[in-house]
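Worksheet: the structure to be examined is printed underneath.
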Amino acid sequence: MTGRRLLSLLASVTAAAAGASLLTGCGVLPGATGGSREPVTVMTWAPDQTRATNMPGMPAMAQAYARWVNAQGGIDGHELRVLTCNEQNTPAGAAGCARRAVHEGAVAVVGSYSQNGRAFMAPLEAAGIPYIGGYGITEDEFTSPLSYPVNGGVASLVAGHGMQLAESCRKVSLVRPDTLAGDQLTKLLDSGLKRASKRGAVDIPAVEDATEYTAQAARAKERAGSDGGCVAAVLGERTQTFFDSFRRLPGSSGGAQAADDGTDGGSGGEDANGSKGSKAARGVRISSVLGSVGQPLIDRTGGARSPFEGAYVTGWYPEADDKSWAPMRKVIQEQAFADNRVDPTDAGVQTTWIAYTVFRQVVESLHTDKITAARVSDALDRGARVDTGGLTPPLRWMYEDLLGASDFPRIVNRQVTFQIVRKGRLVAQKPGFVDVGATVGAAG
């Protein structure tokens with residue numbers, strides 16, 4: 001072998017050895033996600049393309065979050081792998097998603113939506129997989145010891161809505177699903193109304209997936225009355241269908257009157273017009289809760305000319321334009337700009353962001369090479385405290401933090417916000433959060 005060939009061979013061997021040291025010494029090439037730590041797998045599910053409520057933005061937000069956090073080096077060095085699943089709004093679909101999460105080694109189900117709590121919680125409980133930050137639509141999310149809710153669920157919204165309407169409505173009609181879950185809504189709304197010594201709402205059950213609600217709309221309007229009456233509808237995605245039927249009734253203007261004088265509305269007993277008491281009533285007002293009515297629906301139905309202009313809405317979180325949402329909006333801008341499923345004003349997207357905030361802080365608190373479902377749930381049970389940047393109160397799931405209401409023992413966030421649709425935007429009716437813990441407890 002010539003001297004030149006020997007030098008060339010030595011250079012090749014040296015370069016190969018240097019490359020190998022980069023791989024074995026650090027566990028990953030410089031700039032790649034994570035270190036020597038194992039990837040961590042989670043699942044997010046929601047219904048999509050069904051006849052009832054759909055939440056495609058939740059899995060899409062989860063995927064955007066994973067792209068963002070992995071671009072930052074992962075969660076404490078762990079690559080985040082997000083599985084998504086369409087639970088199809090059926091018990092079989094929900095159970096199938098849960099079994100897939102078990103089979104593929106998910107350490108948590110994060111930020112998901114399903115009305116089929118019994119179907120999905122049983123497989124998760126059997127495998128010891130925590131359910132973090134579900135949408136809050138089922139009883140099981142507030143009873144299972146492996147569920148860690150980030151909001152007070154529909155229970156807190158409806159109980160709080162009763163408190164909100166009690167300030168301005170003489171009579172209230174409630175249109176709600178004719179289901180077992182729907183049966184609870186009247187009791188919750190009445191609990192809020194009665195805290196202000198108001199009579200209970202007129203209960204009007206309706207088929208959840210109907211294509212029109214003329215009969216229910218007519219009855220709701222008649223029973224609410226025109227002198228300061230309110231019609232509340234909590235029908236999920238079918239709420240728009242109900243109010244389409246409502247605004248077509250003879251003599252109906254299609255919505256509440258909006259405040260036009262810049263007043264706060266509701267604060268100190270004012271109504272949506274900024275006027276005091278029932279003397280300011282101008283026909284029947286409409287109302288709902290976040291998830292049944294939200295900014296995307298208002299935008300789709302005309303913005304400031306929407307039939308929801310002036311409507312009262314109870315939410316879990318600050319209004320969509322609040323500065324606390326800036327980090328989420330930045331991630332969406334960077335990672336999901338062209339994905340129209342990810343709307344930062346959507347309650348499902350917002351809940352998913354908060355749920356992944358919880359999961360990230362828990363994993364970072366463990367600071368270990370291997371993340372398991374048991375370690376995640378143990379950290380939560382032992383008092384891991386999560387700061388959501390003002391989107392919720394600080395969250396913790398120890399025994400002393402639980403509400404303990406008989407039907408909703410796992411609630412730890414008992415705060416809601418009172419909002420109103422003004423000039424096509426959901427804005428705060430009164431600043432800050434309202435504690436509804438006692439109201440939910442009285443209903444349970």
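Numbering starts fresh at 1 for the residues of each chain in the structure tokens, the chains themselves are lettered A, B, ... in the order given, and ligands are numbered from 1 as they appear.
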Proximity of range 204-236 of chain A to range 244-253 of chain A: per-residue shortest pair, 7 Å limit, only C-alpha atoms, as JSON lines:
{"residue": "A:Glu212", "atom": "CA", "partner": "A:Ser245", "partner_atom": "CA", "distance": 6.2}
{"residue": "A:Tyr213", "atom": "CA", "partner": "A:Ser245", "partner_atom": "CA", "distance": 5.6}
{"residue": "A:Thr214", "atom": "CA", "partner": "A:Ser245", "partner_atom": "CA", "distance": 5.1}
{"residue": "A:Ala217", "atom": "CA", "partner": "A:Phe246", "partner_atom": "CA", "distance": 5.0}
{"residue": "A:Ala218", "atom": "CA", "partner": "A:Leu249", "partner_atom": "CA", "distance": 6.9}
DSSP on the backbone: what in range 223-418 of chain A comes out alpha helix (DSSP H), as JSON, numbers by chain?
{"A": [223, 224, 239, 240, 241, 242, 243, 244, 245, 246, 247, 295, 296, 297, 298, 299, 300, 326, 327, 328, 329, 330, 331, 332, 333, 334, 335, 347, 348, 349, 350, 351, 352, 353, 354, 355, 356, 357, 358, 359, 360, 361, 362, 363, 364, 365, 366, 373, 374, 375, 376, 377, 378, 379, 380, 381]}
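Using only C-alpha atoms, the protein and nucleic acid residues lying no more than 10 Å from Val289 in chain A, apart from those fewer than 4 places from it along its own chain, are Val154, Leu157, Val158, Gly160, His161, Ala232, Ala233, Val234, Leu235, Gly236, Thr239, Val293, Gly294, Tyr312, Val313, Thr314, Gly315, Trp316, Phe418 and Gln419 of chain A.
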With N, CA and C atoms retained, write the just-selected residues as a PDB file, in the first residue's frame.
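Once written, selection_18.pdb looks like this:
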ATOM      1  N   VAL A 154     -69.407  20.548  32.056  1.00  0.00           N
ATOM      2  CA  VAL A 154     -70.699  21.136  31.731  1.00  0.00           C
ATOM      3  C   VAL A 154     -71.461  21.479  33.010  1.00  0.00           C
ATOM      4  N   LEU A 157     -70.527  24.943  34.031  1.00  0.00           N
ATOM      5  CA  LEU A 157     -71.058  25.916  33.074  1.00  0.00           C
ATOM      6  C   LEU A 157     -72.542  26.168  33.300  1.00  0.00           C
ATOM      7  N   VAL A 158     -73.306  25.101  33.435  1.00  0.00           N
ATOM      8  CA  VAL A 158     -74.758  25.251  33.540  1.00  0.00           C
ATOM      9  C   VAL A 158     -75.150  25.833  34.896  1.00  0.00           C
ATOM     10  N   GLY A 160     -73.256  27.789  36.689  1.00  0.00           N
ATOM     11  CA  GLY A 160     -72.865  29.191  36.586  1.00  0.00           C
ATOM     12  C   GLY A 160     -73.791  29.986  35.695  1.00  0.00           C
ATOM     13  N   HIS A 161     -74.302  29.330  34.649  1.00  0.00           N
ATOM     14  CA  HIS A 161     -75.219  30.023  33.747  1.00  0.00           C
ATOM     15  C   HIS A 161     -76.493  30.431  34.483  1.00  0.00           C
ATOM     16  N   ALA A 232     -82.596  29.716  27.160  1.00  0.00           N
ATOM     17  CA  ALA A 232     -81.258  29.121  27.167  1.00  0.00           C
ATOM     18  C   ALA A 232     -81.317  27.782  26.437  1.00  0.00           C
ATOM     19  N   ALA A 233     -80.365  27.555  25.552  1.00  0.00           N
ATOM     20  CA  ALA A 233     -80.277  26.280  24.838  1.00  0.00           C
ATOM     21  C   ALA A 233     -78.890  25.700  25.046  1.00  0.00           C
ATOM     22  N   VAL A 234     -78.839  24.436  25.471  1.00  0.00           N
ATOM     23  CA  VAL A 234     -77.568  23.734  25.665  1.00  0.00           C
ATOM     24  C   VAL A 234     -77.677  22.419  24.903  1.00  0.00           C
ATOM     25  N   LEU A 235     -77.418  22.477  23.611  1.00  0.00           N
ATOM     26  CA  LEU A 235     -77.600  21.334  22.717  1.00  0.00           C
ATOM     27  C   LEU A 235     -76.337  21.003  21.930  1.00  0.00           C
ATOM     28  N   GLY A 236     -75.186  21.450  22.431  1.00  0.00           N
ATOM     29  CA  GLY A 236     -73.948  21.176  21.710  1.00  0.00           C
ATOM     30  C   GLY A 236     -73.998  21.767  20.311  1.00  0.00           C
ATOM     31  N   THR A 239     -77.163  23.492  18.867  1.00  0.00           N
ATOM     32  CA  THR A 239     -77.665  24.753  19.406  1.00  0.00           C
ATOM     33  C   THR A 239     -77.933  25.749  18.286  1.00  0.00           C
ATOM     34  N   VAL A 293     -72.338  27.482  22.218  1.00  0.00           N
ATOM     35  CA  VAL A 293     -72.135  28.732  21.478  1.00  0.00           C
ATOM     36  C   VAL A 293     -70.716  29.200  21.756  1.00  0.00           C
ATOM     37  N   GLY A 294     -70.001  29.550  20.712  1.00  0.00           N
ATOM     38  CA  GLY A 294     -68.646  30.058  20.854  1.00  0.00           C
ATOM     39  C   GLY A 294     -68.330  31.015  19.722  1.00  0.00           C
ATOM     40  N   TYR A 312     -76.160  36.013  26.290  1.00  0.00           N
ATOM     41  CA  TYR A 312     -75.351  35.703  27.452  1.00  0.00           C
ATOM     42  C   TYR A 312     -74.720  34.332  27.265  1.00  0.00           C
ATOM     43  N   VAL A 313     -73.438  34.200  27.608  1.00  0.00           N
ATOM     44  CA  VAL A 313     -72.723  32.938  27.481  1.00  0.00           C
ATOM     45  C   VAL A 313     -71.838  32.745  28.713  1.00  0.00           C
ATOM     46  N   THR A 314     -71.884  31.546  29.284  1.00  0.00           N
ATOM     47  CA  THR A 314     -71.007  31.207  30.398  1.00  0.00           C
ATOM     48  C   THR A 314     -69.867  30.340  29.886  1.00  0.00           C
ATOM     49  N   GLY A 315     -68.632  30.680  30.256  1.00  0.00           N
ATOM     50  CA  GLY A 315     -67.463  29.929  29.803  1.00  0.00           C
ATOM     51  C   GLY A 315     -66.613  29.446  30.961  1.00  0.00           C
ATOM     52  N   TRP A 316     -65.615  28.635  30.623  1.00  0.00           N
ATOM     53  CA  TRP A 316     -64.662  28.179  31.643  1.00  0.00           C
ATOM     54  C   TRP A 316     -63.474  29.111  31.769  1.00  0.00           C
ATOM     55  N   PHE A 418     -68.351  34.927  33.050  1.00  0.00           N
ATOM     56  CA  PHE A 418     -69.599  35.428  32.460  1.00  0.00           C
ATOM     57  C   PHE A 418     -69.241  36.292  31.257  1.00  0.00           C
ATOM     58  N   GLN A 419     -69.784  35.932  30.105  1.00  0.00           N
ATOM     59  CA  GLN A 419     -69.480  36.644  28.870  1.00  0.00           C
ATOM     60  C   GLN A 419     -70.768  37.062  28.171  1.00  0.00           C
TER      61      GLN A 419
END
